[in-house]
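Q: What follows is query-v4.txt, compact mmCIF, C-alpha atoms and all ligand atoms.
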```
# COMPACT_ATOMS: atom_id res chain seq x y z
CA MET U 464 -10.11 8.62 12.20
CA LYS U 465 -11.21 9.13 8.63
CA MET U 466 -12.52 5.97 6.98
CA THR U 467 -11.64 5.72 3.29
CA PHE U 468 -11.72 3.20 0.42
CA ARG U 469 -9.26 2.58 -2.39
CA TRP U 470 -10.71 3.51 -5.80
CA TYR U 471 -9.08 3.01 -9.22
CA GLY U 472 -11.19 5.43 -11.25
CA SER U 473 -14.43 4.96 -13.17
CA LYS U 474 -12.76 3.31 -16.18
CA SER U 475 -10.84 0.78 -14.16
CA ASP U 476 -12.77 -0.15 -11.03
CA SER U 477 -15.60 -2.66 -10.70
CA VAL U 478 -16.83 -0.61 -7.73
CA SER U 479 -18.53 2.75 -8.29
CA LEU U 480 -18.20 5.91 -6.21
CA GLN U 481 -21.95 5.73 -5.56
CA GLN U 482 -21.53 2.29 -4.02
CA ILE U 483 -18.62 3.51 -1.91
CA ARG U 484 -20.67 6.51 -0.76
CA GLN U 485 -23.34 4.14 0.57
CA ILE U 486 -20.98 2.30 2.90
CA PRO U 487 -21.80 3.70 6.36
CA GLY U 488 -19.20 6.12 7.69
CA MET U 489 -17.21 6.36 4.46
CA SER U 490 -15.66 9.83 4.28
CA GLY U 491 -13.44 9.60 1.25
CA ILE U 492 -11.24 7.54 -0.98
CA MET U 493 -7.58 6.74 -1.31
CA GLY U 494 -7.13 7.59 -4.96
CA PHE U 495 -4.97 6.18 -7.72
CA LEU U 496 -4.38 7.00 -11.38
CA ASP U 497 -3.67 3.46 -12.49
CA TYR U 498 -2.60 4.45 -16.02
CA LYS U 499 0.41 6.49 -14.88
CA ALA U 500 3.81 4.86 -15.40
CA ALA U 501 6.44 5.19 -12.67
CA GLY U 502 8.49 8.34 -13.21
CA GLU U 503 5.84 10.28 -15.14
CA VAL U 504 4.48 13.61 -13.90
CA TRP U 505 0.82 13.39 -12.80
CA THR U 506 -0.55 16.45 -14.56
CA GLU U 507 -2.94 18.97 -13.09
CA ASP U 508 -5.59 18.10 -15.68
CA GLU U 509 -5.45 14.41 -14.85
CA ILE U 510 -5.58 15.05 -11.12
CA ARG U 511 -8.39 17.59 -11.41
CA ALA U 512 -10.56 15.28 -13.52
CA TYR U 513 -10.15 12.43 -11.04
CA ILE U 514 -10.68 14.47 -7.89
CA ASP U 515 -13.62 16.45 -9.29
CA GLU U 516 -15.39 13.16 -9.95
CA VAL U 517 -14.75 12.00 -6.38
CA HIS U 518 -15.98 15.29 -4.93
CA ALA U 519 -19.10 15.18 -7.11
CA ALA U 520 -19.97 11.86 -5.46
CA GLY U 521 -19.78 13.52 -2.03
CA LEU U 522 -16.45 11.97 -1.04
CA ALA U 523 -13.09 13.50 -0.09
CA CYS U 524 -9.79 12.64 -1.74
CA GLU U 525 -6.98 13.62 0.60
CA VAL U 526 -4.88 10.49 0.17
CA ILE U 527 -3.33 9.28 -3.08
CA GLU U 528 -1.65 5.89 -3.41
CA SER U 529 1.03 4.35 -5.53
CA VAL U 530 2.83 7.35 -6.95
CA ASN U 531 5.40 4.77 -7.97
CA VAL U 532 9.09 5.47 -7.61
CA HIS U 533 11.05 4.86 -10.82
CA GLU U 534 13.51 1.95 -10.64
CA ASP U 535 16.38 4.29 -11.66
CA ILE U 536 15.86 6.14 -8.36
CA LYS U 537 15.93 2.89 -6.38
CA MET U 538 19.00 1.71 -8.29
CA GLY U 539 20.75 5.09 -7.93
CA LEU U 540 21.33 5.59 -11.67
CA PRO U 541 22.39 9.02 -13.01
CA SER U 542 18.96 9.45 -14.65
CA ARG U 543 17.39 9.52 -11.18
CA ASP U 544 17.59 13.32 -10.89
CA ARG U 545 15.16 13.74 -13.77
CA TYR U 546 12.69 11.33 -12.15
CA ILE U 547 13.04 13.01 -8.76
CA GLU U 548 12.27 16.33 -10.42
CA ASN U 549 9.15 14.74 -11.94
CA TYR U 550 8.18 13.39 -8.54
CA ARG U 551 8.47 16.89 -7.07
CA ALA U 552 6.21 18.23 -9.82
CA THR U 553 3.65 15.52 -9.02
CA ILE U 554 3.73 16.40 -5.31
CA ARG U 555 3.10 20.07 -6.12
CA ASN U 556 0.26 19.21 -8.49
CA LEU U 557 -1.43 16.88 -6.02
CA ALA U 558 -1.12 19.46 -3.23
CA LYS U 559 -2.93 22.06 -5.37
CA TYR U 560 -5.99 19.80 -5.41
CA GLY U 561 -6.09 19.18 -1.67
CA VAL U 562 -4.06 15.98 -1.37
CA LYS U 563 -2.45 15.66 2.07
CA VAL U 564 -0.87 12.19 2.04
CA ILE U 565 0.97 10.29 -0.72
CA VAL U 566 1.41 6.55 -0.24
CA TYR U 567 4.35 4.97 -2.07
CA ASN U 568 6.80 2.15 -1.56
CA PHE U 569 10.51 1.57 -2.05
CA MET U 570 10.36 -2.13 -2.96
CA PRO U 571 12.68 -3.14 -5.80
CA VAL U 572 10.82 -4.34 -8.91
CA PHE U 573 7.75 -5.90 -7.30
CA ASP U 574 5.19 -4.18 -5.15
CA TRP U 575 3.21 -6.82 -3.22
CA LEU U 576 3.54 -10.46 -4.22
CA ARG U 577 1.25 -13.51 -3.89
CA THR U 578 1.43 -17.04 -5.25
CA ASP U 579 -2.36 -17.42 -5.58
CA LEU U 580 -4.83 -14.58 -6.08
CA ALA U 581 -7.95 -16.64 -5.38
CA ARG U 582 -7.18 -19.35 -2.85
CA VAL U 583 -10.38 -20.93 -1.60
CA ILE U 584 -10.79 -20.65 2.17
CA PRO U 585 -11.95 -24.15 3.15
CA GLU U 586 -14.08 -23.01 6.10
CA ASP U 587 -16.50 -20.86 4.10
CA GLY U 588 -15.84 -21.25 0.36
CA SER U 589 -14.81 -17.62 -0.17
CA ASN U 590 -11.40 -16.90 -1.70
CA SER U 591 -8.54 -14.57 -0.94
CA LEU U 592 -4.95 -13.71 -1.76
CA TYR U 593 -2.46 -16.35 -0.63
CA PHE U 594 1.29 -16.73 -0.41
CA ASP U 595 3.46 -19.81 -0.01
CA GLU U 596 7.18 -19.40 -0.49
CA ALA U 597 7.47 -23.09 -1.40
CA ASP U 598 5.29 -22.45 -4.50
CA LEU U 599 7.35 -19.40 -5.36
CA GLY U 600 10.50 -21.50 -5.47
CA ASP U 601 9.02 -23.52 -8.34
CA MET U 602 7.89 -20.46 -10.28
CA GLY U 603 10.68 -17.90 -10.64
CA PRO U 604 10.08 -14.17 -11.18
CA LEU U 605 8.97 -14.27 -14.83
CA GLU U 606 6.43 -16.96 -14.21
CA ILE U 607 5.00 -15.25 -11.18
CA VAL U 608 4.55 -12.06 -13.18
CA ARG U 609 2.78 -13.97 -15.94
CA SER U 610 0.50 -15.86 -13.58
CA THR U 611 -0.33 -12.76 -11.51
CA ILE U 612 -1.35 -10.80 -14.58
CA GLU U 613 -3.28 -13.75 -16.05
CA ASN U 614 -5.22 -14.35 -12.84
CA SER U 615 -6.31 -10.80 -12.13
CA ASN U 616 -9.75 -11.16 -13.80
CA GLY U 617 -8.71 -8.69 -16.49
CA PHE U 618 -8.03 -5.87 -14.01
CA SER U 619 -4.75 -3.99 -13.72
CA LEU U 620 -3.06 -4.56 -10.37
CA PRO U 621 -1.19 -1.82 -8.52
CA GLY U 622 2.54 -2.37 -8.76
CA TRP U 623 2.15 -4.84 -11.64
CA GLU U 624 1.96 -2.32 -14.47
CA PRO U 625 3.30 -4.06 -17.62
CA GLU U 626 5.69 -1.21 -18.48
CA ARG U 627 7.39 -1.51 -15.09
CA LEU U 628 7.89 -5.21 -15.59
CA ALA U 629 8.86 -5.11 -19.27
CA GLU U 630 12.58 -5.18 -18.64
CA LEU U 631 12.29 -7.54 -15.73
CA GLU U 632 15.27 -9.77 -16.44
CA ALA U 633 17.70 -6.89 -16.96
CA THR U 634 16.43 -5.13 -13.83
CA LEU U 635 16.72 -8.27 -11.69
CA GLU U 636 20.26 -8.69 -12.94
CA ARG U 637 21.21 -5.12 -12.02
CA TYR U 638 19.85 -5.51 -8.50
CA LYS U 639 22.33 -8.33 -7.85
CA SER U 640 25.01 -5.73 -7.15
CA ILE U 641 22.81 -3.54 -4.94
CA SER U 642 22.97 -4.29 -1.20
CA PRO U 643 20.33 -3.26 1.34
CA ASP U 644 22.68 -0.44 2.45
CA ASP U 645 23.04 0.76 -1.16
CA LEU U 646 19.26 0.75 -1.47
CA ARG U 647 18.96 2.73 1.77
CA ASN U 648 21.48 5.29 0.48
CA ASN U 649 19.47 5.66 -2.72
CA TYR U 650 16.34 6.00 -0.63
CA LYS U 651 17.96 8.80 1.40
CA TYR U 652 18.92 10.59 -1.82
CA PHE U 653 15.29 10.37 -2.96
CA LEU U 654 13.91 11.64 0.37
CA ASP U 655 16.45 14.47 0.51
CA GLY U 656 15.19 15.45 -2.93
CA ILE U 657 11.46 15.39 -2.25
CA ILE U 658 10.80 16.02 1.46
CA PRO U 659 11.61 19.77 1.28
CA THR U 660 8.95 20.04 -1.46
CA CYS U 661 6.48 18.20 0.79
CA GLU U 662 7.25 20.62 3.61
CA GLU U 663 6.58 23.57 1.31
CA CYS U 664 3.27 22.14 0.08
CA GLY U 665 1.97 20.55 3.30
CA VAL U 666 2.04 17.00 1.94
CA VAL U 667 3.11 13.93 3.91
CA MET U 668 4.86 10.94 2.28
CA ALA U 669 3.78 7.55 3.70
CA CYS U 670 5.98 4.55 2.92
CA HIS U 671 4.15 1.24 2.47
CA PRO U 672 5.91 -1.81 3.95
CA ASP U 673 7.34 -4.64 1.89
CA ASP U 674 4.62 -7.20 1.30
CA PRO U 675 5.25 -9.96 2.24
CA ALA U 676 7.52 -8.76 5.03
CA TRP U 677 10.74 -10.47 3.96
CA PRO U 678 13.14 -10.41 0.98
CA ILE U 679 12.04 -12.26 -2.17
CA PHE U 680 14.05 -13.55 -5.14
CA GLY U 681 17.21 -12.34 -3.41
CA LEU U 682 16.19 -8.70 -3.99
CA PRO U 683 17.18 -6.20 -1.31
CA ARG U 684 14.15 -5.12 0.75
CA ILE U 685 14.52 -2.62 3.58
CA ALA U 686 10.99 -1.84 4.84
CA HIS U 687 9.48 -4.79 6.65
CA SER U 688 9.94 -4.35 10.39
CA GLN U 689 9.72 -1.72 13.08
CA SER U 690 13.50 -1.38 13.12
CA ASP U 691 13.57 -0.93 9.31
CA PHE U 692 11.06 1.90 9.61
CA ASP U 693 13.02 3.43 12.47
CA LYS U 694 15.87 3.80 9.99
CA ILE U 695 13.57 5.10 7.25
CA VAL U 696 12.01 7.87 9.34
CA LYS U 697 15.52 9.00 10.29
CA LEU U 698 16.87 8.98 6.71
CA HIS U 699 15.38 12.43 6.36
CA ASP U 700 14.08 13.53 9.73
CA SER U 701 10.87 15.43 9.05
CA PRO U 702 7.20 15.14 10.05
CA CYS U 703 6.57 14.73 6.30
CA ASN U 704 8.53 11.45 6.23
CA THR U 705 6.00 8.92 7.57
CA VAL U 706 4.80 5.32 7.45
CA CYS U 707 1.71 3.90 5.73
CA LEU U 708 1.15 1.33 8.43
CA CYS U 709 -0.21 -1.68 6.57
CA THR U 710 -1.20 -4.22 9.21
CA GLY U 711 -1.46 -7.11 6.76
CA SER U 712 1.94 -6.51 5.17
CA LEU U 713 3.84 -6.16 8.44
CA GLY U 714 1.62 -8.82 9.99
CA SER U 715 2.55 -11.40 7.34
CA ASP U 716 5.64 -12.00 9.49
CA PRO U 717 4.51 -13.30 12.89
CA ALA U 718 7.70 -11.80 14.37
CA ASN U 719 6.35 -8.29 13.77
CA ASP U 720 4.28 -6.86 16.62
CA VAL U 721 1.85 -4.73 14.62
CA VAL U 722 0.16 -3.14 17.63
CA ALA U 723 3.53 -2.13 19.10
CA ALA U 724 4.57 -0.66 15.74
CA ILE U 725 1.40 1.46 15.57
CA ARG U 726 2.00 2.75 19.09
CA HIS U 727 5.65 3.43 18.37
CA PHE U 728 5.20 5.40 15.13
CA GLY U 729 1.86 6.88 16.24
CA GLU U 730 3.50 8.40 19.32
CA MET U 731 6.26 9.80 17.10
CA GLY U 732 3.65 11.44 14.86
CA ARG U 733 4.97 9.39 11.96
CA ILE U 734 1.90 7.51 10.77
CA GLY U 735 0.59 9.10 7.57
CA CYS U 736 -2.27 6.60 7.18
CA LEU U 737 -3.15 2.94 7.74
CA HIS U 738 -4.22 -0.01 5.63
CA VAL U 739 -6.06 -2.32 8.00
CA ARG U 740 -6.61 -6.02 7.34
CA ASN U 741 -6.08 -9.41 8.90
CA VAL U 742 -3.86 -12.37 7.94
CA LYS U 743 -3.89 -16.04 8.83
CA HIS U 744 -0.45 -17.62 9.23
CA LEU U 745 -0.28 -21.12 7.78
CA GLY U 746 3.40 -22.00 8.26
CA HIS U 747 6.84 -20.63 7.47
CA HIS U 748 6.47 -17.82 4.91
CA LYS U 749 2.98 -19.06 4.19
CA PHE U 750 -0.23 -17.14 4.85
CA ARG U 751 -3.58 -16.16 3.46
CA GLU U 752 -5.56 -12.98 3.80
CA ALA U 753 -8.46 -13.41 6.20
CA ALA U 754 -11.68 -11.50 6.80
CA HIS U 755 -11.15 -8.41 8.94
CA LEU U 756 -12.80 -9.96 12.04
CA SER U 757 -10.05 -10.76 14.58
CA GLU U 758 -11.08 -14.36 15.19
CA THR U 759 -10.73 -15.29 11.49
CA GLY U 760 -7.01 -14.46 11.41
CA ASP U 761 -3.97 -13.89 13.61
CA LEU U 762 -4.13 -10.13 14.16
CA ASP U 763 -6.07 -8.46 16.98
CA LEU U 764 -8.06 -5.78 15.20
CA PHE U 765 -9.47 -4.44 18.46
CA GLU U 766 -5.95 -3.78 19.79
CA ILE U 767 -4.97 -2.31 16.43
CA MET U 768 -7.85 0.18 16.49
CA ARG U 769 -7.21 0.95 20.14
CA ALA U 770 -3.56 1.74 19.37
CA VAL U 771 -4.75 4.07 16.59
CA TYR U 772 -7.23 5.73 18.95
CA GLU U 773 -4.57 6.29 21.59
CA THR U 774 -1.70 7.43 19.38
CA CYS U 775 -2.94 8.79 16.01
CA PRO U 776 -6.72 9.27 16.27
CA ASP U 777 -6.99 11.74 13.38
CA THR U 778 -5.34 9.52 10.78
CA TYR U 779 -6.76 8.08 7.54
CA ILE U 780 -7.65 4.40 7.47
CA ARG U 781 -8.87 2.11 4.77
CA PRO U 782 -10.07 -1.46 4.99
CA ASP U 783 -7.41 -3.21 2.96
CA HIS U 784 -7.80 -6.23 0.69
CA GLY U 785 -11.04 -8.11 1.06
CA ARG U 786 -11.89 -11.69 0.20
CA MET U 787 -14.12 -12.44 -2.77
CA ILE U 788 -17.53 -13.36 -1.40
CA TRP U 789 -21.13 -13.68 -2.61
CA GLY U 790 -20.03 -14.53 -6.15
CA GLU U 791 -18.42 -11.17 -6.78
CA VAL U 792 -15.91 -10.96 -9.63
CA GLY U 793 -13.50 -8.05 -9.39
CA ARG U 794 -9.91 -6.98 -8.99
CA PRO U 795 -8.31 -9.47 -6.58
CA GLY U 796 -8.36 -7.95 -3.10
CA TYR U 797 -10.45 -5.00 -4.21
CA GLY U 798 -14.06 -6.09 -4.50
CA LEU U 799 -16.89 -4.20 -2.84
CA TYR U 800 -18.53 -6.59 -0.42
CA ASP U 801 -15.81 -7.81 1.90
CA ARG U 802 -14.10 -4.43 2.09
CA ALA U 803 -17.46 -2.85 2.98
CA LEU U 804 -17.92 -5.47 5.72
CA GLY U 805 -14.37 -4.67 6.86
CA ALA U 806 -15.07 -0.93 7.05
CA THR U 807 -18.25 -1.56 9.00
CA TYR U 808 -16.48 -3.80 11.47
CA LEU U 809 -13.65 -1.28 11.95
CA ASN U 810 -16.22 1.49 12.44
CA GLY U 811 -17.95 -0.66 15.05
CA LEU U 812 -14.72 -1.19 16.95
CA TRP U 813 -14.03 2.54 16.71
CA GLU U 814 -17.44 3.53 18.10
CA ALA U 815 -17.00 1.14 21.02
CA ILE U 816 -13.49 2.39 21.78
CA CYS U 817 -14.64 6.04 21.64
CA LYS U 818 -17.54 5.35 24.00
CA MET U 819 -15.40 3.31 26.37
CA ASN U 820 -13.09 6.30 26.65
CA LYS U 821 -15.76 8.89 27.40
C1 LIG F 1 -1.57 -3.36 -2.33
C2 LIG F 1 -1.40 -1.94 -1.93
C3 LIG F 1 -0.07 -1.44 -2.43
C4 LIG F 1 0.23 -0.01 -2.06
C5 LIG F 1 1.52 0.43 -2.69
C6 LIG F 1 1.84 1.85 -2.43
O1 LIG F 1 -2.64 -3.81 -2.48
O2 LIG F 1 -1.54 -1.74 -0.59
O3 LIG F 1 -0.10 -1.58 -3.82
O4 LIG F 1 -0.78 0.83 -2.46
O5 LIG F 1 2.56 -0.37 -2.24
O6 LIG F 1 2.85 2.23 -3.29
```
Once more with this new file: its structure as structure tokens, please.
Ligand code: DNO
A:
Amino acid sequence: MKMTFRWYGSKSDSVSLQQIRQIPGMSGIMGFLDYKAAGEVWTEDEIRAYIDEVHAAGLACEVIESVNVHEDIKMGLPSRDRYIENYRATIRNLAKYGVKVIVYNFMPVFDWLRTDLARVIPEDGSNSLYFDEADLGDMGPLEIVRSTIENSNGFSLPGWEPERLAELEATLERYKSISPDDLRNNYKYFLDGIIPTCEECGVVMACHPDDPAWPIFGLPRIAHSQSDFDKIVKLHDSPCNTVCLCTGSLGSDPANDVVAAIRHFGEMGRIGCLHVRNVKHLGHHKFREAAHLSETGDLDLFEIMRAVYETCPDTYIRPDHGRMIWGEVGRPGYGLYDRALGATYLNGLWEAICKMNK
């Protein structure tokens, strides 16, 4: 298992590479060029500058996140071929600089969605990301976009890039005529276009689940259960077509058995990497993000790490969203302290599991 940390680059992250390097057991980062619009080619110069900086800090950068898929690809518009060609160029460029896994998602319009980015946790006074579908009903898509951007402490949020959301109303309208099967067909077209390039370059694509794990605003969503991912890995059957198993996203729906999903896709060799975090269910389509420690939420992190150990022990992991604690102000979900505590806890579980198996 390679423990990593998401990093947005020195101009955009409140956390420095030096701080990340000092977290025990941290081997590398999951990188992100947050200024790239969906559909653009990530150039060699941009990639080199970013990865050189990471290497200079003594960290590896073998996983890149959020190479966002242009909406025209998801909607199956004729312009998609140009964007797929760009995506192929980005894959080749990333591979040249040692990237092995690309995390992306196929969610229409929105990436992850929350109704409160700083919900106070009554038990300890910290705050975390929170979702309640009842609140969403009152807000509507435009309002949620506005409030998410306004409440992000001035930081850009992955998947909420203003240029992606600029034509929100028109895009939402177009999606009304796209069914989940249409979306899946468009997804297959995309995978057929890019997976052969991945095979040539030795890069694995890892699809991030819908977060939360159910449809929102009537948009088609096709990646939020084990059976959805069974279909996805078969859309283009290749070891390069894998899952980014995000425990908190899948785990937002209590009906998903996260441990079983890890075992299932791990045994198939189809886990490209994992985002590991905990969630606390508060009611129907209502949850908050908890600390990583099992007893603070509803997921069993010990069983999660054991499933990783037994089925995909060489994979990349990162502690996912943390709470805001100790007065830290940062990008919601992506502060230093709670994610560092999360990594340390996951490393502790890992050490125990390794020793128990000797
Ligand atoms: C949320 C992240 C996601 C993820 C993307 C990948 O915090 O886990 O933004 O990186 O869905 O495209």
Q: Calculated over only C-alpha atoms, which of the candidates U:Leu580, U:Ala523, U:Leu756, U:Ile536 has the smallest distance to Tyr808 of chain U?
A: U:Leu756
Q: Which residue, U:Asp476, U:Asp763, U:Glu606, U:Asp720, has the smallest gap to Leu812 of chain U when you use all atoms listed in the file?
A: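 For Leu812 of chain U, the nearest of the given residues is U:Asp763.
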Q: Please extract the residues at most 8 Å from ligand LIG 1 (chain F), counting only C-alpha atoms and all ligand atoms, and provide them as a ChimeraX atom specification, using the chain letters and residue numbers of this document.
A: /U:528-531,566-569,574-575,620-622,670-674,709,738,783-784,796
Q: Show me the residues close to (17.5, -2.7, -7.7) - anything with an atom within 8 Å, counting all atoms listed in the file - and format the list as a PyMOL selection string.
A: chain U and resi 534+537-538+571-572+634-635+637-639+641+646+682-683
Q: Record the distance separating atom CA of Thr553 of chain U and atom CA of Trp505 of chain U, expressed in Å with one decimal.
A: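 Taking atom CA of Thr553 of chain U and atom CA of Trp505 of chain U, their separation equals 5.2 Å.
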Q: List as a ChimeraX atom specification: which residues have an atom within 10 Å of (-2.6, 7.0, 14.3), counting all atoms listed in the file?
A: /U:464,708,725-737,767-780
Q: Write the residues you've just listed into a file as a compact mmCIF listing (two decimals), keeping the file's coordinate frame, and include C-alpha atoms for each of them.
A:
```txt
# COMPACT_ATOMS: atom_id res chain seq x y z
CA MET U 464 -10.11 8.62 12.20
CA LEU U 708 1.15 1.33 8.43
CA ILE U 725 1.40 1.46 15.57
CA ARG U 726 2.00 2.75 19.09
CA HIS U 727 5.65 3.43 18.37
CA PHE U 728 5.20 5.40 15.13
CA GLY U 729 1.86 6.88 16.24
CA GLU U 730 3.50 8.40 19.32
CA MET U 731 6.26 9.80 17.10
CA GLY U 732 3.65 11.44 14.86
CA ARG U 733 4.97 9.39 11.96
CA ILE U 734 1.90 7.51 10.77
CA GLY U 735 0.59 9.10 7.57
CA CYS U 736 -2.27 6.60 7.18
CA LEU U 737 -3.15 2.94 7.74
CA ILE U 767 -4.97 -2.31 16.43
CA MET U 768 -7.85 0.18 16.49
CA ARG U 769 -7.21 0.95 20.14
CA ALA U 770 -3.56 1.74 19.37
CA VAL U 771 -4.75 4.07 16.59
CA TYR U 772 -7.23 5.73 18.95
CA GLU U 773 -4.57 6.29 21.59
CA THR U 774 -1.70 7.43 19.38
CA CYS U 775 -2.94 8.79 16.01
CA PRO U 776 -6.72 9.27 16.27
CA ASP U 777 -6.99 11.74 13.38
CA THR U 778 -5.34 9.52 10.78
CA TYR U 779 -6.76 8.08 7.54
CA ILE U 780 -7.65 4.40 7.47
```
Q: How far is it from atom CA of His699 of chain U to atom CA of Asp655 of chain U, in Å with one decimal?
A: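 Pair atom CA of His699 of chain U / atom CA of Asp655 of chain U returns 6.3 Å.
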Q: Excluding same-chain residues fewer than 2 positions from Ala501 of chain U, what lies within 8 Å of it counting all atoms listed in the file, as a PyMOL selection string?
A: chain U and resi 499+503+530-533+627
Q: If you measure from atom CA of Ala753 of chain U to atom CA of Asp598 of chain U, what distance in Å do you get, rounded to one decimal?
A: 19.6 Å
Q: Which residues come within 7 Å of segment 788-791 of chain U, counting all atoms listed in the file, excluding same-chain residues fewer than 2 positions away, as a PyMOL selection string?
A: chain U and resi 589+786+793+800-801
Q: I'd like the neighbourhood of segment 591-594 of chain U as a list in words, where a residue qualifies if any of its atoms comes within 8 Å (using only C-alpha atoms), though same-chain residues fewer than 4 positions away should be ignored.
A: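 Near neighbours after the sequence-gap exclusion: Leu576, Arg577, Thr578, Asp579, Leu580, Ala581, Arg582, Val583, Ile584, His748, Lys749, Phe750, Arg751, Glu752, Ala753, Gly785, Arg786, Met787, Pro795 and Gly796 of chain U.
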Q: How would the residues just chosen look if you wrote them out with C-alpha atoms as a short mmCIF file (atom, residue, chain, number, x, y, z; two decimals), keeping the file's coordinate frame?
A:
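Ended up saving to result.cif:
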```cif
data_model
loop_
_atom_site.label_atom_id
_atom_site.label_comp_id
_atom_site.auth_asym_id
_atom_site.auth_seq_id
_atom_site.Cartn_x
_atom_site.Cartn_y
_atom_site.Cartn_z
CA LEU U 576 3.54 -10.46 -4.22
CA ARG U 577 1.25 -13.51 -3.89
CA THR U 578 1.43 -17.04 -5.25
CA ASP U 579 -2.36 -17.42 -5.58
CA LEU U 580 -4.83 -14.58 -6.08
CA ALA U 581 -7.95 -16.64 -5.38
CA ARG U 582 -7.18 -19.35 -2.85
CA VAL U 583 -10.38 -20.93 -1.60
CA ILE U 584 -10.79 -20.65 2.17
CA HIS U 748 6.47 -17.82 4.91
CA LYS U 749 2.98 -19.06 4.19
CA PHE U 750 -0.23 -17.14 4.85
CA ARG U 751 -3.58 -16.16 3.46
CA GLU U 752 -5.56 -12.98 3.80
CA ALA U 753 -8.46 -13.41 6.20
CA GLY U 785 -11.04 -8.11 1.06
CA ARG U 786 -11.89 -11.69 0.20
CA MET U 787 -14.12 -12.44 -2.77
CA PRO U 795 -8.31 -9.47 -6.58
CA GLY U 796 -8.36 -7.95 -3.10
#
```
Q: Of the residues U:Glu516, U:Glu507, U:Asp761, U:Asp601, which is the one nearest to Gly711 of chain U, using all atoms listed in the file?
A: U:Asp761
Q: List the spatial neighbours of Cys661 of chain U as a list in words - criterion: any atom at most 9 Å away, all atoms listed in the file, same-chain residues fewer than 4 positions off excluded.
A: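 That gives Arg551, Ile554, Arg555, Ala558, Ile657, Gly665, Val666, Val667, Met668, Cys703 and Asn704 of chain U.
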Q: Identify which of the residues U:Pro643, U:Thr759, U:Asp508, U:Ile658 lies closest to Ala686 of chain U, counting all atoms listed in the file when measuring atom-to-atom distances.
A: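 Using all atoms listed in the file, Ala686 of chain U sits closest to U:Pro643.
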Q: Counting all atoms listed in the file, figure out which residue out of U:Asn649, U:Asn820, U:Ser473, U:Ser715 gets nearest to Met570 of chain U.
A: U:Asn649
Q: Which residues, written as an mmCIF file with C-alpha atoms, in the frame of the given file, have at least one atom at most 9 Å from Tyr513 of chain U, with all atoms listed in the file counted and residues fewer than 4 positions away on the same chain left out?
A:
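Below you can see out.cif, which holds the result:
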```
data_model
loop_
_atom_site.group_PDB
_atom_site.id
_atom_site.type_symbol
_atom_site.label_atom_id
_atom_site.label_comp_id
_atom_site.auth_asym_id
_atom_site.auth_seq_id
_atom_site.Cartn_x
_atom_site.Cartn_y
_atom_site.Cartn_z
ATOM 1 C CA GLY U 472 -11.190 5.430 -11.250
ATOM 2 C CA SER U 473 -14.430 4.960 -13.170
ATOM 3 C CA GLY U 494 -7.130 7.590 -4.960
ATOM 4 C CA PHE U 495 -4.970 6.180 -7.720
ATOM 5 C CA LEU U 496 -4.380 7.000 -11.380
ATOM 6 C CA ASP U 508 -5.590 18.100 -15.680
ATOM 7 C CA GLU U 509 -5.450 14.410 -14.850
ATOM 8 C CA VAL U 517 -14.750 12.000 -6.380
ATOM 9 C CA HIS U 518 -15.980 15.290 -4.930
#
```
Q: Which is closer to Asn616 of chain U than all the others in U:Ala724, U:Val792, U:Val564, U:Leu628, using only C-alpha atoms?
A: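 Of U:Ala724, U:Val792, U:Val564, U:Leu628, the one nearest Asn616 of chain U is U:Val792, counting only C-alpha atoms.
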